[in-house]
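Student: Below is the structure I would like to discuss, written out as structure tokens.
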Amino acid sequence: MAEGRSGDDIVSEYLDQNPHLVQWVESLRGVQETNKQWHARREFILRNMEKFPTIQQGFPSPGLDRLLSLSMCWANHIFLGCRYPQPVMNKIKEMGDGVVVNDAPVRKSRDEIMGKGKRTAGGDGDACSKPTKAGPNESRSGNPFKQGPPPQAPAKHQPFFNRLYKAVAWKLVSAGGIGPNLDHFEILRACTESLKETLSCVFVPLKDIPDLPAARTQKEGQVCELRCQTVYLGTGYGRDEAAARSMASKEALKVFQGRKVMVKICRRRFNGRDVEDLVLLDDQPRNPGFPPAISYPFQTEQEGEGPS
Amino acid sequence: MGVPAFFRWLSRKYSSIVVHCVEEKSKECNGVRIPVDTSKPNPNEVEFDNLYLDMNGIIHPCTHPEDKAAPKNEDEMMVAIFEYIDRLFNIVRPRRVLYMAIDGVAPRAKMNQQRSRRFRASKEGVELVEEKSRIREEILGKGGYLPPDEIKERFDSNCITPGTEFMENLAKCLRYYVADRLSNDPGWRNITVILSDASVPGEGEHKIMDYIRRQRAQPHHDPNTHHCLCGADADLIMLGLATHEPNFTIIREEFKPNQPRPCALCGQKGHEIKDCQGVAREKQGEHDEFADSMPASEQEFIFIRLCVLREYLERELTMASLPFPFDFERSIDDWVFMCFFVGNDFLPHLPSLEIREGAIDRLVGIYKDVVHKTGGYITENGYVNLERVELIMQAVGVAEDNIFKKRKEDDEGFKRRNKEKKKRMKAQQRGPAYLTGGQFAPQALGGRGRPDVVQNARHQAFDMRMQGRDQHNRDAAQSLKAMMRNGSQAGTSDGQDGRGVKRKAEDSDSEPEPEDNVRLWEDGWKQRYYKTKFDVDATDDDFRKKVVRSYVEGLCWVLRYYYQGCASWKWFFPFHYAPFASDFKDIKGMFTDFEHGTKPFKPLEQLMGVFPAASGNFLPETWRSLMSNPESSIIDFYPDDFAIDLNGKKYAWQGVALLPFVDERRLRAALADVYPDLTSEELKRNSLGSDVLFVGKSHPICDFIQELYRGGSNDVGTEMPAELCHGIQGILNLDEDPILPEKPVQSPIPMLRDIAHNSAIGVKYKDPQFEEDFVFKAVILPGAKHPAKVLKPGDWERGNNRGRGNWRPQLGFNSNRQQVHLDQSAFRTLGHSIDRQQQGGGQYSNAPPPGSYHQGNYSRPPHSAGCGHVPAFPHSRQHGLLGAPPPYNPQQQYPRPQPGGGGGGGGHGWNRAMQSQGSAYQQNMQRGHAGGHSGAQGSFHQPRGHDDRRQDRRDVRGGQQQGFNSGRNYPLPPPARRYNWS
């Protein structure tokens with residue numbers, strides 16, 4: 001079946017060509033399914049039908065039941081937010097490849113609500129991975145390798161950043177507020193050091209960064225990423241390292257302009273794949289759209305086989 | 001029923017329905033426990049005929065109690081269950097029938113709820129263990145102390161589901177228990193025991209209802225049977241009303257909210273597991289002598305008198321000037337039906353109807369209108385008139401918008417108050433008393449904050465001295481501030497829009513609110529609701545209609561289930577959310593009938609339908625693998641993790657679990673392949689069983705049954721001769737492995753002895769059978785006598801009582817209850833032996849043993865002329881209730897005319913103190929007390945001519961308020977006198 005067209009078109013075309021299937025496939029619809037859910041699942045079933053050669057239209061068979069079961073798994077995953085054991089997830093991801101679901105609902109799984117590890121993502125992070133098209137499988141499933149910050153990390157780091165928030169606030173007051181002549185990095189450095197911590201700056205030449213939008217023509221300069229206690233604060237670009245660092249600090253200080261700062265686990269890109277990272281956010285519930293990470297301090301275990 | 005608030009609402013509004021149980025405790029003599037003789041008259045001054053136990057309400061607290069340590073193994077659980085039944089039996093003392101019903105396979109409609117509970121329970125269990133070990137490590141790492149972890153296997157409460165070995169074992173144990181009591185306990189000698197175990201399909205309470213319904217429909221039934229049903233579910237009240245039996249009482253544990261639970265790690269009360277610090281336990285009393293005396297540690301029981309509830313409802317529902325004579329029984333059925341809108345186990349409740357927001361009162365108001373308009377009731381014998389339902393729904397729908405707005409307002413007010421309260425509480429929080437504070441507070445080793453050296457010892461000492469005092473000042477200041485803030489906010493809140501307030505709430509240090517995308521209080525709520533909850537556009541009318549149709553079917557199914565039994569084992573509501581009331585349009589033709597001849601699941605099939613893969617160990621190997629094998633054709637029923645929609649609630653357990661529904665056809669097809677793998681033992685567990693009837697040797701029907709066994713089997717079964725068993729009918733079949741007299745019964749529990757001299761006999765029992773289209777009539781049976789009225793007649797006034805006959809508030813079942821009295825010498829003795837240092841209250845507030853009722857013949861001095869009122873006596877009881885008991889003061893207790901009331905008094909103070917009706921009494925006394933302060937209002941009514949009878953007299957006004965605390969049409973009492981149930 002051709003890719004790139006909307007799923008409904010393909011399905012109706014296919015059904016036009018195979019009218020004997022129409023009645024049969026409609027009989028597989030569940031009472032509780034909305035049109036949207038059913039259309040997606042119908043496409044899933046039709047696309048994968050050939051893989052179950054024992055299926056005969058009109059007769060229940062074990063093969064059909066398996067296909068139905070997997071289609072339900074897939075639909076439950078996309079629409080209800082269920083998760084299944086990894087082998088099942090892998091399978092439905094593979095089978096669901098190419099089925100386009102627009103605007104699938106975002107659900108919070110029980111594990112996420114209870115703040116349990118594996119796939120935790122803070123509210124914002126979740127929004128990042130909000131599936132818009134076939135993407136759901138890619139961004140929701142997968143990631144079997146265990147790495148990234150432990151789920152209790154935000155809570156662990158939060159007190160420090162509360163203090164840092166205060167320190168920065170006072171420092172800014174004494175420096176006369178945010179102004180043109182402010183040395184952003186100096187402020188941030190002084191504050192962290194007053195709390196017996198250090199800032200870590202990582203520099204990477206711009207041209208070494210993958211994932212850059214193709215439109216970007218400028219290939220010179222440096223990019224700096226600031227972290228403190230492994231928590232990501234900001235990224236900046238500049239002609240040289242000092243300028244990049246200053247921009248990064250400026251970015252970081254923006255976060256401190258809010259009512260409070262929060263440490264959260266968010267998804268972002270790193271080396272071409274999605275990882276979970278510790279990030280400092282302010283209280284504005286917006287979609288931050290992080291720049292890709294330059295360093296990643298949570299790579300304790302061996303590299304997993306990323307999906308890309 | 002899934003409406004925890006329902007009972008609370010009911011008991012607040014109709015408070016006279018609650019009667020506290022009098023329980024005779026067994027005595028100990030020289031270390032030997034003397035069992036209570038339950039063949040003696042019931043100390044509650046009422047005699048019950050039948051006791052029905054909804055066993056699941058007993059099994060759960062006995063196997064995993066919340067307020068005490070869990071039993072170590074299955075045997076201990078069984079013994080705990082036995083003891084619990086013994087206790088109930090001792091309180092209720094049934095004289096004819098004891099019916100024990102364990103939940104069997106439930107109708108499909110219930111499966112959604114069961115699935116959701118079990119999937120959650122399984123996850124919660126694992127989480128608790130994880131959290132425990134994590135915190136334990138943390139605490140031990142910090143040098144805290146924790147009692148060693150007992151090694152016991154984790155009890156998976158999911159095994160309380162029909163079809164598991166645990167349930168089979170339980171049935172076996174209960175048979176043993178019944179045989180033992182029938183053989184050895186004199187109170188059981190003449191009763192008929194029916195045990196309906198988990199192998200009999202149907203939920204426990206509905207099996208009970210089915211029994212009652214079928215007995216009522218046969219001609220030998222005694223219409224004046226006094227039923228007593230045990231169970232905490234609110235729907236038992238509905239079921240009880242639905243029987244239309246005039247004497248129906250429910251017994252349940254008294255719910256005491258906010259009971260401290262012991263911490264799961266260290267076993268101490270007062271903190272939760274996450275706040276556990278692993279400090280040594282604080283001594284209770286100087287020498288830890290109060291260690292085990294948690295106040296009111298044992299759960300007490302209450303009766304709920306449905307006949308009193310019927311009286312209340314009669315007042316509320318009675319409609320004047322109808323075009324046809326008002327039929328109270330029909331309106332009760334309608335009331336029951338309307339309660340389903342607010343919540344039940346089978347349908348999600350309508351978003352706009354919330355019991356806490358007076359939904360039922362609203363419905364009753366609308367209902368009366370509708371009956372007037374349409375000239376008829378909305379239900380009949382469990383069948384629904386949809387046209388009239390639509391009118392009700394539409395009337396609710398009109399108000400929906402305002403309801404949501406009001407809810408938001410209330411919610412914010414509540415949150416604000418809560419936050420302030422929390423702040424205040426935080427300031428007061430302190431560790432155990434032995435922990436030193438300030439300079440000398442314990443510090444963790446290697447911690448960052450080391451205490452400073454004492455700079456100025458004198459100053460330091462001063463600080464510590466002042467600390468305590470400051471605390472109080474701070475508290476006062478804080479509450480004052482809070483008050484002022486409230487005041488100012490109330491003033492300005494009109495100007496602010498909702499968002500402004502919300503921002504404020506977010507500022508707090510409290511946990512973040514779950515985001516609510518639906519925002520029912522803002523315009524466009526309906527679109528948003530359908531979009532977020534169902535993932536459909538508001539324009540998708542077909543889908544919305546489908547939801548409404550299913551919901552309408554659901555309402556019909558539920559009502560039928562309550563009045564006629566399970567109409568379809570297959571039907572279920574296939575959505576996670578309810579539609580809006582305003583969506584119920586043109587519903588008249590939406591439902592005709594249910595599919596006939598549906599069959600319940602087999603027990604193991606149902607287990608496959610409700611268990612998560614993590615509880616697969618209760619199932620045979622090949623069955624289990626269907627739950628986890630990626631090749632399984634039903635793998636979609638068993639997600640590892642599932643989404644929870646908090647749906648405006650705060651905690652995960654309150655939210656809606658978005659679990660996929662089970663496809664029955666696929667389930668059966670998948671199981672067909674693995675059926676051959678069942679062992680014979682599993683096959684037996686999977687089969688549907690039968691109720692079993694037991695009687696003792698002295699029961700008249702015992703010989704008849706023995707004859708049956710001698711005669712050998714017959715396939716059709718034998719009708720029970722009605723005259724031998726109080727008119728109970730049914731069909732008897734021989735049991736394959738019966739309990740027979742003189743045949744020893746082996747004990748299934750090692751710590752209990754075998755019954756060598758068994759005198760019980762057991763036989764299979766089946767309820768009387770009727771034609772399939774038989775309709776059980778929801779009416780009062782001819783010959784039924786209504787119990788005496790309890791509530792104050794509506795037209796009864798203090799002034800003209802003499803002509804009206806006498807009405808007196810009633811506490812217990814018996815309106816002529818005798819009270820206990822102390823004579824003068826007793827008071828002297830008391831005054832002498834209780835010195836002033838002793839804090840009164842506690843030890844005298846215990847109920848006297850029931851045996852002492854008829855003692856004391858103290859005759860009260862005559863009243864001063866012309867005045868029938870004596871003042872309310874300040875009283876040690878209510879102080880006990882309020883916390884700090886004052887020193888005992890005999891002056892107050894002893895009869896003494898009080899200037900306020902102007903009447904002469906009898907020795908009421910003590911009479912009342914000795915009153916056995918625990919807290920029902922307290923509440924009245926409290927009212928009386930409050931009334932006493934406000935002058936002559938709160939005075940006791942003393943009818944003339946009854947001076948020498950020791951009867952219950954209560955504060956007349958109290959009695960009145962008790963009835964109508966929240967009734968809309970009646971004056972509200974001043975808030976100070978309101979008795980708060982929880």
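Within each chain, counting starts at residue 1; across the structure tokens, chains are named A, B, ... in the order shown, with ligands numbered 1 upward in that order.
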Please run DSSP on the backbone and report, as a ChimeraX atom specification, all residues within stretch 21-256 of chain A that come out as helix (DSSP H, G or I).
Tutor: /A:21-26,35-51,62-80,86-96,110-113,123-128,135-140,153-174,184-194,206-208,241-255
Student: What are the closest atom pairs, with distances in Å to one decimal, for all residues of chain A lying within 6 Å of chain B? Consider only C-alpha atoms, order rows by chain and residue number, and present the result as JSON lines.
Tutor:
{"residue": "A:Gln32", "atom": "CA", "partner": "B:Pro574", "partner_atom": "CA", "distance": 5.7}
{"residue": "A:Asp65", "atom": "CA", "partner": "B:Ser633", "partner_atom": "CA", "distance": 5.3}
{"residue": "A:Arg66", "atom": "CA", "partner": "B:Ser633", "partner_atom": "CA", "distance": 4.1}
{"residue": "A:Ser69", "atom": "CA", "partner": "B:Asp636", "partner_atom": "CA", "distance": 5.4}
{"residue": "A:Met72", "atom": "CA", "partner": "B:Asp636", "partner_atom": "CA", "distance": 5.9}
{"residue": "A:Cys73", "atom": "CA", "partner": "B:Asp636", "partner_atom": "CA", "distance": 4.6}
{"residue": "A:Gly81", "atom": "CA", "partner": "B:Ala643", "partner_atom": "CA", "distance": 5.2}
{"residue": "A:Cys82", "atom": "CA", "partner": "B:Phe642", "partner_atom": "CA", "distance": 4.2}
{"residue": "A:Arg83", "atom": "CA", "partner": "B:Asp641", "partner_atom": "CA", "distance": 4.9}
{"residue": "A:Tyr84", "atom": "CA", "partner": "B:Pro639", "partner_atom": "CA", "distance": 4.7}
{"residue": "A:Val88", "atom": "CA", "partner": "B:Pro630", "partner_atom": "CA", "distance": 5.3}
{"residue": "A:Arg107", "atom": "CA", "partner": "B:Ala643", "partner_atom": "CA", "distance": 5.9}
{"residue": "A:Lys108", "atom": "CA", "partner": "B:Ala643", "partner_atom": "CA", "distance": 5.2}
{"residue": "A:Ser109", "atom": "CA", "partner": "B:Ala643", "partner_atom": "CA", "distance": 3.6}
{"residue": "A:Arg110", "atom": "CA", "partner": "B:Ala643", "partner_atom": "CA", "distance": 5.3}
Student: With a distance cut-off of 10 Å and only C-alpha atoms, select the neighbouring residues of stretch 776-783 of chain B, excluding the residue or stretch itself and same-chain residues fewer than 6 positions from it, and output the selection as a PyMOL selection string.
Tutor: chain B and resi 213-214+216-217+221-224+241-246+328-330+332-333+380-382+563-565+770
Student: Go ahead and save the picked residues with N, CA, C and O atoms, as a JSON list (two decimals), in the first residue's frame.
Tutor:
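Generated output (part39.json):
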[["chain", "number", "residue", "atom", "x", "y", "z"],
["B", 213, "ARG", "N", -36.46, -12.63, 48.01],
["B", 213, "ARG", "CA", -37.49, -12.40, 47.01],
["B", 213, "ARG", "C", -38.28, -13.67, 46.74],
["B", 213, "ARG", "O", -39.50, -13.67, 46.69],
["B", 214, "ARG", "N", -37.56, -14.76, 46.59],
["B", 214, "ARG", "CA", -38.23, -16.01, 46.26],
["B", 214, "ARG", "C", -39.01, -16.56, 47.45],
["B", 214, "ARG", "O", -40.06, -17.18, 47.28],
["B", 216, "ARG", "N", -40.45, -14.67, 49.64],
["B", 216, "ARG", "CA", -41.64, -13.81, 49.75],
["B", 216, "ARG", "C", -42.72, -14.22, 48.75],
["B", 216, "ARG", "O", -43.90, -14.04, 48.99],
["B", 217, "ALA", "N", -42.27, -14.71, 47.62],
["B", 217, "ALA", "CA", -43.23, -14.99, 46.56],
["B", 217, "ALA", "C", -43.95, -16.31, 46.78],
["B", 217, "ALA", "O", -44.90, -16.61, 46.06],
["B", 221, "HIS", "N", -44.54, -18.03, 53.21],
["B", 221, "HIS", "CA", -43.63, -17.07, 53.83],
["B", 221, "HIS", "C", -44.31, -16.30, 54.95],
["B", 221, "HIS", "O", -45.46, -15.88, 54.83],
["B", 222, "ASP", "N", -43.61, -16.12, 56.04],
["B", 222, "ASP", "CA", -44.12, -15.34, 57.15],
["B", 222, "ASP", "C", -43.87, -13.86, 56.84],
["B", 222, "ASP", "O", -42.72, -13.42, 56.80],
["B", 223, "PRO", "N", -44.94, -13.08, 56.63],
["B", 223, "PRO", "CA", -44.73, -11.68, 56.20],
["B", 223, "PRO", "C", -44.12, -10.82, 57.28],
["B", 223, "PRO", "O", -43.70, -9.70, 57.01],
["B", 224, "ASN", "N", -44.06, -11.33, 58.49],
["B", 224, "ASN", "CA", -43.49, -10.52, 59.56],
["B", 224, "ASN", "C", -42.12, -11.02, 60.00],
["B", 224, "ASN", "O", -41.70, -10.78, 61.12],
["B", 241, "LEU", "N", -34.68, -1.80, 51.03],
["B", 241, "LEU", "CA", -35.92, -1.08, 50.72],
["B", 241, "LEU", "C", -36.66, -1.79, 49.59],
["B", 241, "LEU", "O", -37.89, -1.86, 49.58],
["B", 242, "ALA", "N", -35.89, -2.31, 48.64],
["B", 242, "ALA", "CA", -36.51, -2.92, 47.47],
["B", 242, "ALA", "C", -37.30, -4.18, 47.82],
["B", 242, "ALA", "O", -38.17, -4.59, 47.07],
["B", 243, "THR", "N", -37.01, -4.79, 48.98],
["B", 243, "THR", "CA", -37.74, -6.01, 49.33],
["B", 243, "THR", "C", -39.17, -5.70, 49.76],
["B", 243, "THR", "O", -40.02, -6.57, 49.68],
["B", 244, "HIS", "N", -39.39, -4.50, 50.29],
["B", 244, "HIS", "CA", -40.69, -4.13, 50.85],
["B", 244, "HIS", "C", -41.08, -5.01, 52.02],
["B", 244, "HIS", "O", -42.25, -5.26, 52.27],
["B", 245, "GLU", "N", -40.09, -5.51, 52.69],
["B", 245, "GLU", "CA", -40.36, -6.20, 53.95],
["B", 245, "GLU", "C", -40.43, -5.13, 55.04],
["B", 245, "GLU", "O", -39.58, -4.23, 55.10],
["B", 246, "PRO", "N", -41.45, -5.18, 55.90],
["B", 246, "PRO", "CA", -41.58, -4.11, 56.89],
["B", 246, "PRO", "C", -40.49, -4.14, 57.96],
["B", 246, "PRO", "O", -40.13, -3.11, 58.50],
["B", 328, "PHE", "N", -47.18, 4.88, 48.62],
["B", 328, "PHE", "CA", -45.85, 5.09, 49.17],
["B", 328, "PHE", "C", -44.87, 4.03, 48.67],
["B", 328, "PHE", "O", -43.70, 4.31, 48.40],
["B", 329, "GLU", "N", -45.33, 2.79, 48.56],
["B", 329, "GLU", "CA", -44.41, 1.71, 48.17],
["B", 329, "GLU", "C", -43.84, 1.97, 46.77],
["B", 329, "GLU", "O", -42.66, 1.75, 46.51],
["B", 330, "ARG", "N", -44.69, 2.45, 45.90],
["B", 330, "ARG", "CA", -44.20, 2.75, 44.56],
["B", 330, "ARG", "C", -43.17, 3.88, 44.59],
["B", 330, "ARG", "O", -42.17, 3.85, 43.87],
["B", 332, "ILE", "N", -41.18, 4.61, 46.92],
["B", 332, "ILE", "CA", -39.90, 4.10, 47.44],
["B", 332, "ILE", "C", -39.09, 3.50, 46.30],
["B", 332, "ILE", "O", -37.88, 3.73, 46.17],
["B", 333, "ASP", "N", -39.75, 2.73, 45.48],
["B", 333, "ASP", "CA", -39.04, 2.14, 44.34],
["B", 333, "ASP", "C", -38.45, 3.22, 43.45],
["B", 333, "ASP", "O", -37.33, 3.09, 42.96],
["B", 380, "GLU", "N", -41.96, 0.34, 37.99],
["B", 380, "GLU", "CA", -42.92, -0.59, 38.55],
["B", 380, "GLU", "C", -42.30, -1.98, 38.60],
["B", 380, "GLU", "O", -41.87, -2.52, 37.59],
["B", 381, "ASN", "N", -42.21, -2.51, 39.77],
["B", 381, "ASN", "CA", -41.63, -3.84, 39.99],
["B", 381, "ASN", "C", -40.26, -4.00, 39.33],
["B", 381, "ASN", "O", -39.89, -5.07, 38.89],
["B", 382, "GLY", "N", -39.52, -2.93, 39.27],
["B", 382, "GLY", "CA", -38.19, -3.04, 38.68],
["B", 382, "GLY", "C", -38.16, -2.77, 37.19],
["B", 382, "GLY", "O", -37.12, -2.95, 36.57],
["B", 563, "TYR", "N", -34.60, -5.72, 41.58],
["B", 563, "TYR", "CA", -35.98, -6.10, 41.89],
["B", 563, "TYR", "C", -36.36, -7.49, 41.39],
["B", 563, "TYR", "O", -37.27, -8.10, 41.93],
["B", 564, "GLN", "N", -35.69, -7.95, 40.35],
["B", 564, "GLN", "CA", -36.09, -9.23, 39.78],
["B", 564, "GLN", "C", -34.94, -10.22, 39.70],
["B", 564, "GLN", "O", -35.15, -11.38, 39.41],
["B", 565, "GLY", "N", -33.74, -9.80, 39.93],
["B", 565, "GLY", "CA", -32.59, -10.66, 39.73],
["B", 565, "GLY", "C", -31.92, -10.34, 38.41],
["B", 565, "GLY", "O", -32.36, -9.47, 37.67],
["B", 770, "PHE", "N", -39.35, -20.33, 39.90],
["B", 770, "PHE", "CA", -40.55, -19.75, 39.30],
["B", 770, "PHE", "C", -40.39, -19.75, 37.79],
["B", 770, "PHE", "O", -39.29, -19.94, 37.28]]
Student: Name the residues in contact with stretch 690-700 of chain B at a cut-off of 7 Å, using only C-alpha atoms, excluding same-chain residues fewer than 5 positions from it; report them as number ranges by chain.
Tutor: B: 182-183, 189-197, 200, 724, 759-766
Student: Mind giving me the straight-line distance from atom CA of B:Asp369 to atom CA of B:Met393 in Å, one decimal?
Tutor: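 These atoms are spaced 12.4 Å apart.
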Student: At what distance in Å, to one decimal, does atom CA of B:Lys142 lie from atom CA of A:Ala153?
Tutor: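 According to the coordinates, atom CA of A:Ala153 and atom CA of B:Lys142 are separated by 19.3 Å.
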Student: So that I can check the surroundings of stretch 225-233 of chain A, please list as a list in words every protein, DNA and RNA residue that reaches within 6 Å of it, counting only C-alpha atoms and ignoring chain neighbours fewer than 6 positions away.
Tutor: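 Neighbouring residues, sequence-local ones excluded: Leu199, Ser200, Cys201, Val202, Ala252, Leu278, Val279 and Leu280 of chain A.
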Student: May I have the residues within 9 Å of A:Lys36 as a ChimeraX atom specification, using only C-alpha atoms and disregarding those fewer than 3 positions away in the same chain?
Tutor: /A:33,39-41,101 /B:535-536
Student: For atom CA of B:Pro71 and atom CA of B:Leu140, determine how far apart the two atoms are, in Å to one decimal place.
Tutor: 25.6 Å
Student: Under the rule that only C-alpha atoms are counted, which of A:Ile209, A:Val255, A:Ala104, A:Val263 is the nearest residue to A:Tyr237?
Tutor: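 The closest residue to A:Tyr237 is A:Ile209.
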Student: Can you pull out every residue within 8 Å of stretch 406-414 of chain B, counting only C-alpha atoms, but drop anything in the same chain fewer than 4 positions away, and send it as a list in words?
Tutor: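 Residues meeting the cut-off are Asn402, Asn418 and Trp521 of chain B.
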